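Structure below is model04.csv: CSV, C-alpha atoms and all ligand atoms.
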```
chain,number,residue,atom,x,y,z
C,1,MET,CA,-12.6,-5.8,34.5
C,2,ILE,CA,-15.2,-3.3,33.3
C,3,HIS,CA,-16.4,-0.8,36.0
C,4,GLY,CA,-19.2,1.9,36.0
C,5,THR,CA,-16.5,4.4,35.1
C,6,THR,CA,-14.9,2.4,32.3
C,7,GLN,CA,-14.9,4.4,29.1
C,8,ILE,CA,-16.4,2.5,26.1
C,9,TYR,CA,-15.1,2.7,22.5
C,10,GLY,CA,-15.9,0.4,19.6
C,11,VAL,CA,-16.6,-0.2,16.0
C,12,ILE,CA,-19.9,-0.5,14.1
C,13,GLY,CA,-20.3,-2.4,10.9
C,14,ASP,CA,-22.1,-5.4,9.4
C,15,PRO,CA,-20.5,-7.9,9.3
C,16,ILE,CA,-18.1,-7.0,12.1
C,17,SER,CA,-16.5,-10.1,13.5
C,18,HIS,CA,-13.5,-9.7,11.1
C,19,SER,CA,-12.5,-6.3,12.6
C,20,LEU,CA,-8.8,-5.9,13.5
C,21,SER,CA,-9.5,-2.7,15.5
C,22,PRO,CA,-10.0,-4.3,18.9
C,23,SER,CA,-6.6,-5.9,18.6
C,24,LEU,CA,-5.1,-2.5,17.8
C,25,GLN,CA,-7.0,-0.3,20.3
C,26,ASN,CA,-7.3,-2.4,23.5
C,27,PRO,CA,-3.5,-2.8,23.9
C,28,ALA,CA,-3.1,1.0,23.4
C,29,PHE,CA,-5.6,1.7,26.3
C,30,ALA,CA,-3.8,-0.9,28.5
C,31,ALA,CA,-0.3,0.5,27.7
C,32,LEU,CA,-1.4,4.0,28.9
C,33,GLY,CA,-3.1,2.5,32.0
C,34,MET,CA,-6.5,3.8,30.8
C,35,ASP,CA,-9.8,2.4,32.2
C,36,ALA,CA,-11.2,1.9,28.7
C,37,VAL,CA,-12.4,-0.9,26.5
C,38,TYR,CA,-12.9,-1.3,22.7
C,39,VAL,CA,-15.7,-3.6,21.5
C,40,THR,CA,-17.4,-4.6,18.3
C,41,PHE,CA,-21.1,-3.7,17.6
C,42,ARG,CA,-22.9,-5.4,14.7
C,43,VAL,CA,-25.3,-2.8,13.4
C,44,SER,CA,-27.5,-3.4,10.4
C,45,PRO,CA,-28.1,-0.6,7.9
C,46,SER,CA,-31.8,-0.2,9.1
C,47,SER,CA,-30.6,0.3,12.7
C,48,LEU,CA,-27.9,2.8,12.0
C,49,GLY,CA,-29.7,5.9,13.3
C,50,ASP,CA,-31.0,4.1,16.4
C,51,ALA,CA,-27.6,2.7,17.1
C,52,LEU,CA,-25.8,6.1,16.9
C,53,ARG,CA,-28.4,7.7,19.2
C,54,GLY,CA,-28.2,4.8,21.6
C,55,LEU,CA,-24.4,4.9,21.7
C,56,LEU,CA,-24.6,8.6,22.6
C,57,ALA,CA,-27.2,7.9,25.3
C,58,LEU,CA,-24.9,5.2,26.8
C,59,ASN,CA,-22.1,7.7,26.8
C,60,VAL,CA,-19.8,5.7,24.4
C,61,GLN,CA,-16.8,7.9,23.9
C,62,GLY,CA,-15.8,7.1,20.4
C,63,ILE,CA,-16.4,4.6,17.6
C,64,ASN,CA,-14.9,3.5,14.3
C,65,VAL,CA,-17.4,3.1,11.4
C,66,THR,CA,-16.9,0.4,8.8
C,67,VAL,CA,-18.7,-1.1,5.8
C,68,PRO,CA,-21.5,-0.6,5.0
C,69,HIS,CA,-22.1,2.6,7.1
C,70,LYS,CA,-19.2,5.0,6.1
C,71,SER,CA,-21.3,7.2,3.8
C,72,ASP,CA,-24.8,6.7,5.4
C,73,VAL,CA,-23.5,7.9,8.7
C,74,PHE,CA,-23.4,11.5,7.5
C,75,GLN,CA,-27.2,11.9,7.8
C,76,TYR,CA,-27.1,11.2,11.5
C,77,ILE,CA,-24.2,13.3,12.7
C,78,ASP,CA,-23.9,17.0,13.6
C,79,GLU,CA,-20.4,17.9,12.5
C,80,VAL,CA,-17.7,16.5,10.1
C,81,THR,CA,-14.1,17.5,9.6
C,82,ASP,CA,-13.1,19.0,6.4
C,83,THR,CA,-11.1,15.9,5.4
C,84,ALA,CA,-14.1,13.6,6.0
C,85,ARG,CA,-16.3,15.8,3.9
C,86,LYS,CA,-13.8,15.8,1.0
C,87,ILE,CA,-13.6,12.0,1.2
C,88,GLY,CA,-17.3,11.7,1.4
C,89,ALA,CA,-17.0,9.0,4.1
C,90,VAL,CA,-16.5,8.9,7.9
C,91,ASN,CA,-14.6,6.1,9.6
C,92,THR,CA,-14.2,7.6,13.1
C,93,LEU,CA,-16.7,9.4,15.4
C,94,ARG,CA,-16.1,11.2,18.7
C,95,ASN,CA,-18.7,11.8,21.3
C,96,ASP,CA,-18.3,15.5,22.0
C,97,SER,CA,-20.6,16.3,25.0
C,98,GLY,CA,-23.5,14.4,23.5
C,99,HIS,CA,-23.1,14.9,19.8
C,100,TRP,CA,-21.0,13.1,17.2
C,101,ILE,CA,-18.1,14.7,15.3
C,102,GLY,CA,-17.1,12.6,12.2
C,103,GLU,CA,-13.6,12.2,10.9
C,104,ASN,CA,-11.9,10.1,8.3
C,105,THR,CA,-8.4,8.9,9.3
C,106,ASP,CA,-7.6,6.9,6.1
C,107,ALA,CA,-6.0,9.9,4.4
C,108,ILE,CA,-3.6,10.8,7.2
C,109,GLY,CA,-3.1,7.1,7.9
C,110,PHE,CA,-2.0,6.5,4.3
C,111,ILE,CA,0.2,9.6,4.2
C,112,ARG,CA,2.0,8.8,7.5
C,113,SER,CA,2.6,5.2,6.2
C,114,LEU,CA,4.7,6.6,3.3
C,115,THR,CA,7.4,8.1,5.6
C,116,PRO,CA,9.8,5.2,5.1
C,117,LEU,CA,9.9,5.9,1.3
C,118,GLY,CA,11.4,9.4,2.0
C,119,LEU,CA,9.4,11.0,-0.8
C,120,ASN,CA,8.7,14.7,-1.1
C,121,LEU,CA,5.0,14.6,-2.1
C,122,SER,CA,4.7,18.3,-2.6
C,123,GLY,CA,4.7,19.0,-6.4
C,124,SER,CA,5.0,15.3,-7.2
C,125,SER,CA,3.2,13.2,-9.8
C,126,VAL,CA,1.3,10.2,-8.4
C,127,GLY,CA,-0.5,7.4,-10.2
C,128,MET,CA,-3.3,5.6,-8.4
C,129,LEU,CA,-4.8,2.3,-9.5
C,130,GLY,CA,-8.4,1.9,-8.3
C,131,ALA,CA,-11.4,4.2,-7.7
C,132,GLY,CA,-13.3,2.4,-4.9
C,133,GLY,CA,-13.9,3.3,-1.3
C,134,ALA,CA,-10.3,3.2,-0.1
C,135,ALA,CA,-9.1,5.2,-3.1
C,136,ARG,CA,-11.1,8.3,-2.0
C,137,GLY,CA,-9.2,8.5,1.3
C,138,VAL,CA,-5.8,7.9,-0.4
C,139,ALA,CA,-6.5,10.5,-3.1
C,140,VAL,CA,-7.6,13.2,-0.6
C,141,GLY,CA,-4.5,12.4,1.5
C,142,LEU,CA,-2.2,12.8,-1.5
C,143,LEU,CA,-3.9,16.0,-2.6
C,144,GLU,CA,-3.8,17.5,0.9
C,145,ALA,CA,-0.1,16.6,1.0
C,146,GLY,CA,0.4,18.8,-2.1
C,147,VAL,CA,0.9,16.4,-5.1
C,148,SER,CA,0.6,18.5,-8.2
C,149,ARG,CA,-0.6,15.7,-10.5
C,150,LEU,CA,-2.9,12.8,-9.6
C,151,LEU,CA,-3.6,10.3,-12.4
C,152,ILE,CA,-6.3,7.8,-11.6
C,153,CYS,CA,-6.7,4.5,-13.5
C,154,ASN,CA,-9.6,2.1,-12.8
C,155,ARG,CA,-11.0,-1.0,-14.6
C,156,ASN,CA,-14.4,0.8,-14.7
C,157,HIS,CA,-13.2,4.1,-16.3
C,158,ASP,CA,-16.5,5.9,-15.6
C,159,ARG,CA,-16.0,5.3,-11.9
C,160,ALA,CA,-12.5,6.9,-12.2
C,161,VAL,CA,-14.1,9.9,-14.0
C,162,ALA,CA,-16.7,10.3,-11.3
C,163,LEU,CA,-14.0,10.2,-8.6
C,164,VAL,CA,-11.9,12.8,-10.5
C,165,LYS,CA,-15.0,15.1,-10.7
C,166,SER,CA,-15.7,14.9,-7.0
C,167,LEU,CA,-12.0,15.5,-6.1
C,168,GLN,CA,-11.8,18.5,-8.5
C,169,ALA,CA,-14.6,20.2,-6.5
C,170,SER,CA,-12.3,20.3,-3.4
C,171,PHE,CA,-8.9,20.6,-5.1
C,172,CYS,CA,-9.2,23.0,-8.0
C,173,GLN,CA,-5.5,24.0,-8.1
C,174,GLN,CA,-4.1,20.6,-8.8
C,175,SER,CA,-4.2,18.5,-11.9
C,176,ILE,CA,-6.5,15.4,-11.4
C,177,SER,CA,-7.3,13.1,-14.3
C,178,ALA,CA,-8.7,9.7,-15.2
C,179,VAL,CA,-6.3,7.8,-17.5
C,180,SER,CA,-5.8,4.4,-19.1
C,181,LEU,CA,-3.1,2.0,-17.9
C,182,GLU,CA,-1.2,2.7,-21.1
C,183,GLU,CA,-1.2,6.4,-20.5
C,184,LEU,CA,-0.2,5.9,-16.8
C,185,GLU,CA,2.8,3.9,-17.9
C,186,LYS,CA,4.3,6.8,-19.8
C,187,GLU,CA,3.9,9.4,-17.1
C,188,GLY,CA,7.2,9.2,-15.2
C,189,LEU,CA,5.6,8.9,-11.8
C,190,ASN,CA,7.2,9.7,-8.4
C,191,LEU,CA,4.9,7.1,-6.9
C,192,LEU,CA,2.4,4.5,-8.0
C,193,VAL,CA,-0.3,3.4,-5.5
C,194,ASN,CA,-2.4,0.3,-5.7
C,195,THR,CA,-5.8,0.8,-4.1
C,196,THR,CA,-7.6,-2.0,-5.9
C,197,THR,CA,-8.2,-5.4,-4.4
C,198,VAL,CA,-6.0,-7.0,-7.1
C,199,GLY,CA,-3.2,-8.9,-5.4
C,200,SER,CA,-5.0,-9.8,-2.3
C,201,ASP,CA,-5.2,-13.4,-3.6
C,202,GLY,CA,-1.4,-13.5,-3.7
C,203,TYR,CA,-1.3,-14.2,-7.4
C,204,SER,CA,-2.7,-11.4,-9.5
C,205,SER,CA,-1.2,-7.9,-10.2
C,206,PRO,CA,-3.0,-4.7,-11.3
C,207,ALA,CA,0.0,-3.6,-13.4
C,208,LYS,CA,3.3,-4.7,-15.0
C,209,LEU,CA,5.9,-2.4,-13.4
C,210,ASN,CA,8.6,-3.1,-16.0
C,211,ARG,CA,6.4,-1.2,-18.6
C,212,PHE,CA,6.5,2.0,-16.6
C,213,ASP,CA,8.9,4.8,-17.7
C,214,ASN,CA,10.9,6.3,-14.8
C,215,LEU,CA,8.8,5.1,-11.9
C,216,SER,CA,10.4,6.0,-8.6
C,217,ALA,CA,8.4,4.1,-5.8
C,218,VAL,CA,5.4,1.8,-5.3
C,219,ALA,CA,2.8,1.6,-2.4
C,220,ASP,CA,0.2,-1.1,-2.1
C,221,ILE,CA,-2.6,-0.6,0.4
C,222,ILE,CA,-3.2,-4.3,0.6
C,223,TYR,CA,-1.7,-5.6,3.9
C,224,ARG,CA,-2.6,-9.3,3.5
C,225,PRO,CA,-0.6,-10.9,2.0
C,226,SER,CA,2.2,-8.6,3.1
C,227,ARG,CA,4.1,-9.0,-0.2
C,228,THR,CA,1.7,-8.8,-3.1
C,229,PRO,CA,2.9,-9.7,-6.6
C,230,LEU,CA,3.1,-6.0,-7.4
C,231,LEU,CA,5.5,-5.4,-4.5
C,232,LEU,CA,7.5,-8.4,-5.4
C,233,GLU,CA,8.0,-7.0,-8.8
C,234,ALA,CA,8.9,-3.6,-7.4
C,235,GLU,CA,11.5,-5.3,-5.2
C,236,LYS,CA,12.9,-7.1,-8.2
C,237,LEU,CA,13.2,-3.8,-10.1
C,238,GLY,CA,15.0,-2.2,-7.1
C,239,LEU,CA,12.1,0.2,-6.5
C,240,PRO,CA,11.4,1.4,-2.9
C,241,ASN,CA,8.0,0.0,-1.9
C,242,LEU,CA,5.7,-0.7,1.0
C,243,ASN,CA,2.5,-2.5,1.8
C,244,GLY,CA,-0.8,-1.4,3.5
C,245,GLY,CA,0.3,-2.4,7.1
C,246,GLY,CA,1.4,1.1,7.8
C,247,MET,CA,-1.9,2.7,6.6
C,248,LEU,CA,-3.8,0.2,8.9
C,249,LEU,CA,-1.6,1.1,11.8
C,250,TYR,CA,-1.7,4.9,11.3
C,251,GLN,CA,-5.5,5.2,10.7
C,252,GLY,CA,-5.7,3.5,14.1
C,253,THR,CA,-3.2,5.8,15.9
C,254,ALA,CA,-5.0,8.8,14.4
C,255,ALA,CA,-8.4,7.5,15.6
C,256,PHE,CA,-6.9,7.0,19.1
C,257,SER,CA,-5.6,10.6,19.2
C,258,PHE,CA,-8.9,12.0,17.8
C,259,TRP,CA,-10.8,10.3,20.6
C,260,THR,CA,-8.5,10.8,23.6
C,261,GLY,CA,-6.4,13.9,22.7
C,262,LEU,CA,-3.4,11.8,23.6
C,263,GLU,CA,-0.4,10.6,21.5
C,264,ALA,CA,-1.0,7.0,20.6
C,265,PRO,CA,1.5,4.4,21.8
C,266,GLU,CA,2.6,3.6,18.3
C,267,SER,CA,5.1,0.9,19.0
C,268,VAL,CA,2.6,-1.0,21.2
C,269,MET,CA,0.0,-0.8,18.5
C,270,ARG,CA,2.4,-1.9,15.8
C,271,LYS,CA,3.5,-4.9,17.8
C,272,ALA,CA,-0.1,-5.9,18.6
C,273,LEU,CA,-1.1,-5.5,14.9
C,274,ASP,CA,1.9,-7.6,13.7
C,275,GLU,CA,1.1,-10.3,16.2
C,276,HIS,CA,-2.6,-10.4,15.2
C,277,LEU,CA,-1.8,-10.4,11.5
C,278,SER,CA,0.7,-13.2,11.9
C,279,LYS,CA,-2.0,-15.4,13.4
C,280,ILE,CA,-4.7,-15.0,10.7
X,1,LIG,N1,-4.3,-0.7,4.5
X,1,LIG,C1,-5.5,-0.3,4.9
X,1,LIG,O1,-5.6,0.3,5.9
X,1,LIG,C2,-6.7,-0.4,4.0
X,1,LIG,C3,-7.8,0.3,4.2
X,1,LIG,C4,-8.9,0.1,3.3
X,1,LIG,C5,-8.8,-0.8,2.3
X,1,LIG,N2,-7.7,-1.5,2.1
X,1,LIG,C6,-7.6,-2.5,1.1
X,1,LIG,O2,-7.8,-1.8,-0.2
X,1,LIG,C7,-8.4,-2.7,-1.1
X,1,LIG,C8,-9.6,-2.0,-1.7
X,1,LIG,O3,-10.6,-1.8,-0.8
X,1,LIG,P1,-11.9,-0.9,-1.1
X,1,LIG,O4,-12.7,-0.8,0.2
X,1,LIG,O5,-11.6,0.3,-1.8
X,1,LIG,O6,-12.7,-1.9,-2.1
X,1,LIG,P2,-13.8,-1.5,-3.2
X,1,LIG,O7,-14.5,-0.2,-2.8
X,1,LIG,O8,-14.6,-2.7,-3.4
X,1,LIG,O9,-13.0,-1.1,-4.5
X,1,LIG,C9,-12.3,-2.1,-5.2
X,1,LIG,C10,-11.4,-1.6,-6.3
X,1,LIG,O10,-10.7,-2.6,-6.9
X,1,LIG,C11,-11.0,-2.7,-8.3
X,1,LIG,N3,-11.0,-4.1,-8.8
X,1,LIG,C12,-11.6,-5.1,-8.2
X,1,LIG,N4,-11.4,-6.2,-8.9
X,1,LIG,C13,-10.6,-5.9,-10.0
X,1,LIG,C14,-10.1,-6.6,-11.1
X,1,LIG,N5,-10.2,-7.9,-11.2
X,1,LIG,N6,-9.3,-5.9,-12.0
X,1,LIG,C15,-9.1,-4.6,-11.8
X,1,LIG,N7,-9.6,-3.8,-10.8
X,1,LIG,C16,-10.4,-4.5,-9.9
X,1,LIG,C17,-12.3,-2.0,-8.4
X,1,LIG,O11,-12.5,-1.6,-9.8
X,1,LIG,P3,-13.9,-1.4,-10.5
X,1,LIG,O12,-14.4,-0.1,-10.0
X,1,LIG,O13,-13.7,-1.5,-11.9
X,1,LIG,O14,-14.8,-2.6,-9.9
X,1,LIG,C18,-12.2,-0.9,-7.4
X,1,LIG,O15,-11.4,0.2,-8.0
X,1,LIG,C19,-8.8,-4.0,-0.3
X,1,LIG,O16,-7.8,-5.0,-0.6
X,1,LIG,C20,-8.7,-3.6,1.1
X,1,LIG,O17,-8.3,-4.6,2.0
X,1,LIG,C21,-6.6,-1.4,2.9
```

Show this structure as structure tokens.
Amino acid sequence: MIHGTTQIYGVIGDPISHSLSPSLQNPAFAALGMDAVYVTFRVSPSSLGDALRGLLALNVQGINVTVPHKSDVFQYIDEVTDTARKIGAVNTLRNDSGHWIGENTDAIGFIRSLTPLGLNLSGSSVGMLGAGGAARGVAVGLLEAGVSRLLICNRNHDRAVALVKSLQASFCQQSISAVSLEELEKEGLNLLVNTTTVGSDGYSSPAKLNRFDNLSAVADIIYRPSRTPLLLEAEKLGLPNLNGGGMLLYQGTAAFSFWTGLEAPESVMRKALDEHLSKI
């Protein structure tokens, strides 16, 4: 039941019906006994400014921002965190006494998801496949975590070069380069991360892992299917690996904490997400 005092949270995007966030955030509010709801708002690009002003006027406490608004949102908000600025995209907004503060929780979400691999990222060499929207958050997370070399390989090489340039502006002490797949295979990587969409069909793979020299671990940010061909090959080669389910969970727990100042009920959110993903 929604009351006059119920706190409202939500997600804006277009389209929006596919969003998993309500299934993640509503059980978290319930678990902590909070009088709060999380809803979806379909907002077209031409209505973005009006929607953001309206949500503030209605005292909505916090929102997630998804496609196609993650970059356009910058022009309508007063303050962004350092991480969101480096990524060049916002996926979470908090209403701070009538103005929006923008954050991007993809970077911390991805880095937290790597915990089961037991890697020491500081000083490590990481290869990243892809240079799209999600790649930016993953790259900033890795660089903030102290990797010393980040090698980016993308089908459209110019896009990889552009990403490298924009990252170099924020991380001038670390080695960041755009490379071909053949070059990447010879690098002796501590971690290979797939941020492309390749593998989401369950059949294709963005790389052949048996061609890599001295590769130590593999992460795929795709969460559906839970075992992409890339991860199945990693398993066959005995390489520690994980999928994108953890990133999805931890970008959500980080958003919850950013809005409420509370520790997110992680196990409740994990269970809710697993249940939701098993149904779709
Ligand atoms: N786990 C999570 O929380 C999470 C969060 C965000 C995204 N994701 C997943 O990450 C994936 C990427 O999302 P995104 O938003 O970054 O998408 P995007 O902006 O559209 O980027 C797509 C990337 O995939 C590459 N690509 C597409 N088709 C390819 C092909 N046939 N061969 C080689 N490369 C190809 C693109 O290369 P070009 O530049 O050459 O086109 C680009 O690098 C999606 O599967 C998404 O579900 C997961």

| request: Report the distance between atom CA of Thr105 of chain C and atom CA of Leu20 of chain C in Å, rounded to one decimal place. | output: 15.4 Å

How would you report the residues lying within 7 Å of ligand LIG 1 (chain X), as a CSV table (one decimal) with C-alpha atoms, in the frame of the given file, if you count all atoms listed in the file?
```
chain,number,residue,atom,x,y,z
C,106,ASP,CA,-7.6,6.9,6.1
C,130,GLY,CA,-8.4,1.9,-8.3
C,131,ALA,CA,-11.4,4.2,-7.7
C,132,GLY,CA,-13.3,2.4,-4.9
C,133,GLY,CA,-13.9,3.3,-1.3
C,134,ALA,CA,-10.3,3.2,-0.1
C,135,ALA,CA,-9.1,5.2,-3.1
C,154,ASN,CA,-9.6,2.1,-12.8
C,155,ARG,CA,-11.0,-1.0,-14.6
C,156,ASN,CA,-14.4,0.8,-14.7
C,159,ARG,CA,-16.0,5.3,-11.9
C,195,THR,CA,-5.8,0.8,-4.1
C,196,THR,CA,-7.6,-2.0,-5.9
C,197,THR,CA,-8.2,-5.4,-4.4
C,198,VAL,CA,-6.0,-7.0,-7.1
C,200,SER,CA,-5.0,-9.8,-2.3
C,206,PRO,CA,-3.0,-4.7,-11.3
C,221,ILE,CA,-2.6,-0.6,0.4
C,222,ILE,CA,-3.2,-4.3,0.6
C,223,TYR,CA,-1.7,-5.6,3.9
C,244,GLY,CA,-0.8,-1.4,3.5
C,245,GLY,CA,0.3,-2.4,7.1
C,246,GLY,CA,1.4,1.1,7.8
C,247,MET,CA,-1.9,2.7,6.6
C,248,LEU,CA,-3.8,0.2,8.9
C,251,GLN,CA,-5.5,5.2,10.7
```

| message | List the spatial neighbours of segment 4-18 of chain C as an MDAnalysis selection string - criterion: any atom at most 6 Å away, all atoms listed in the file, same-chain residues fewer than 2 positions off excluded. | response | chainID C and resid 2 35:44 60:67

| message | Please compute the atom CA of Asp50 of chain C-atom CA of Glu103 of chain C distance, one decimal, in Å. | response |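 These two atoms are separated by 20.0 Å.
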
| task | In the coordinate frame of the file, compute which residues have an atom within 12 Å of (7.1, 13.8, -3.9) when using only C-alpha atoms, and state them as a PyMOL selection string. | result | chain C and resi 111+114-115+117-127+142-143+145-150+189-192+215-217

| segment 234-236 of chain C surroundings by only C-alpha atoms, 7 Å radius, close-in-sequence under 3 positions cut, as a PyMOL selection string | chain C and resi 209+218+230-231+239+241

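For the pair atom CA of Asp158 of chain C and atom CA of Arg211 of chain C, the interatomic distance is 24.2 Å.
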
| field | Given all atoms listed in the file as the counted atoms, nearest of C:Ile87, C:Ala162, C:Leu237, C:Ile77 to Ala178 of chain C | value |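 Using all atoms listed in the file, the shortest distance to Ala178 of chain C belongs to C:Ala162.
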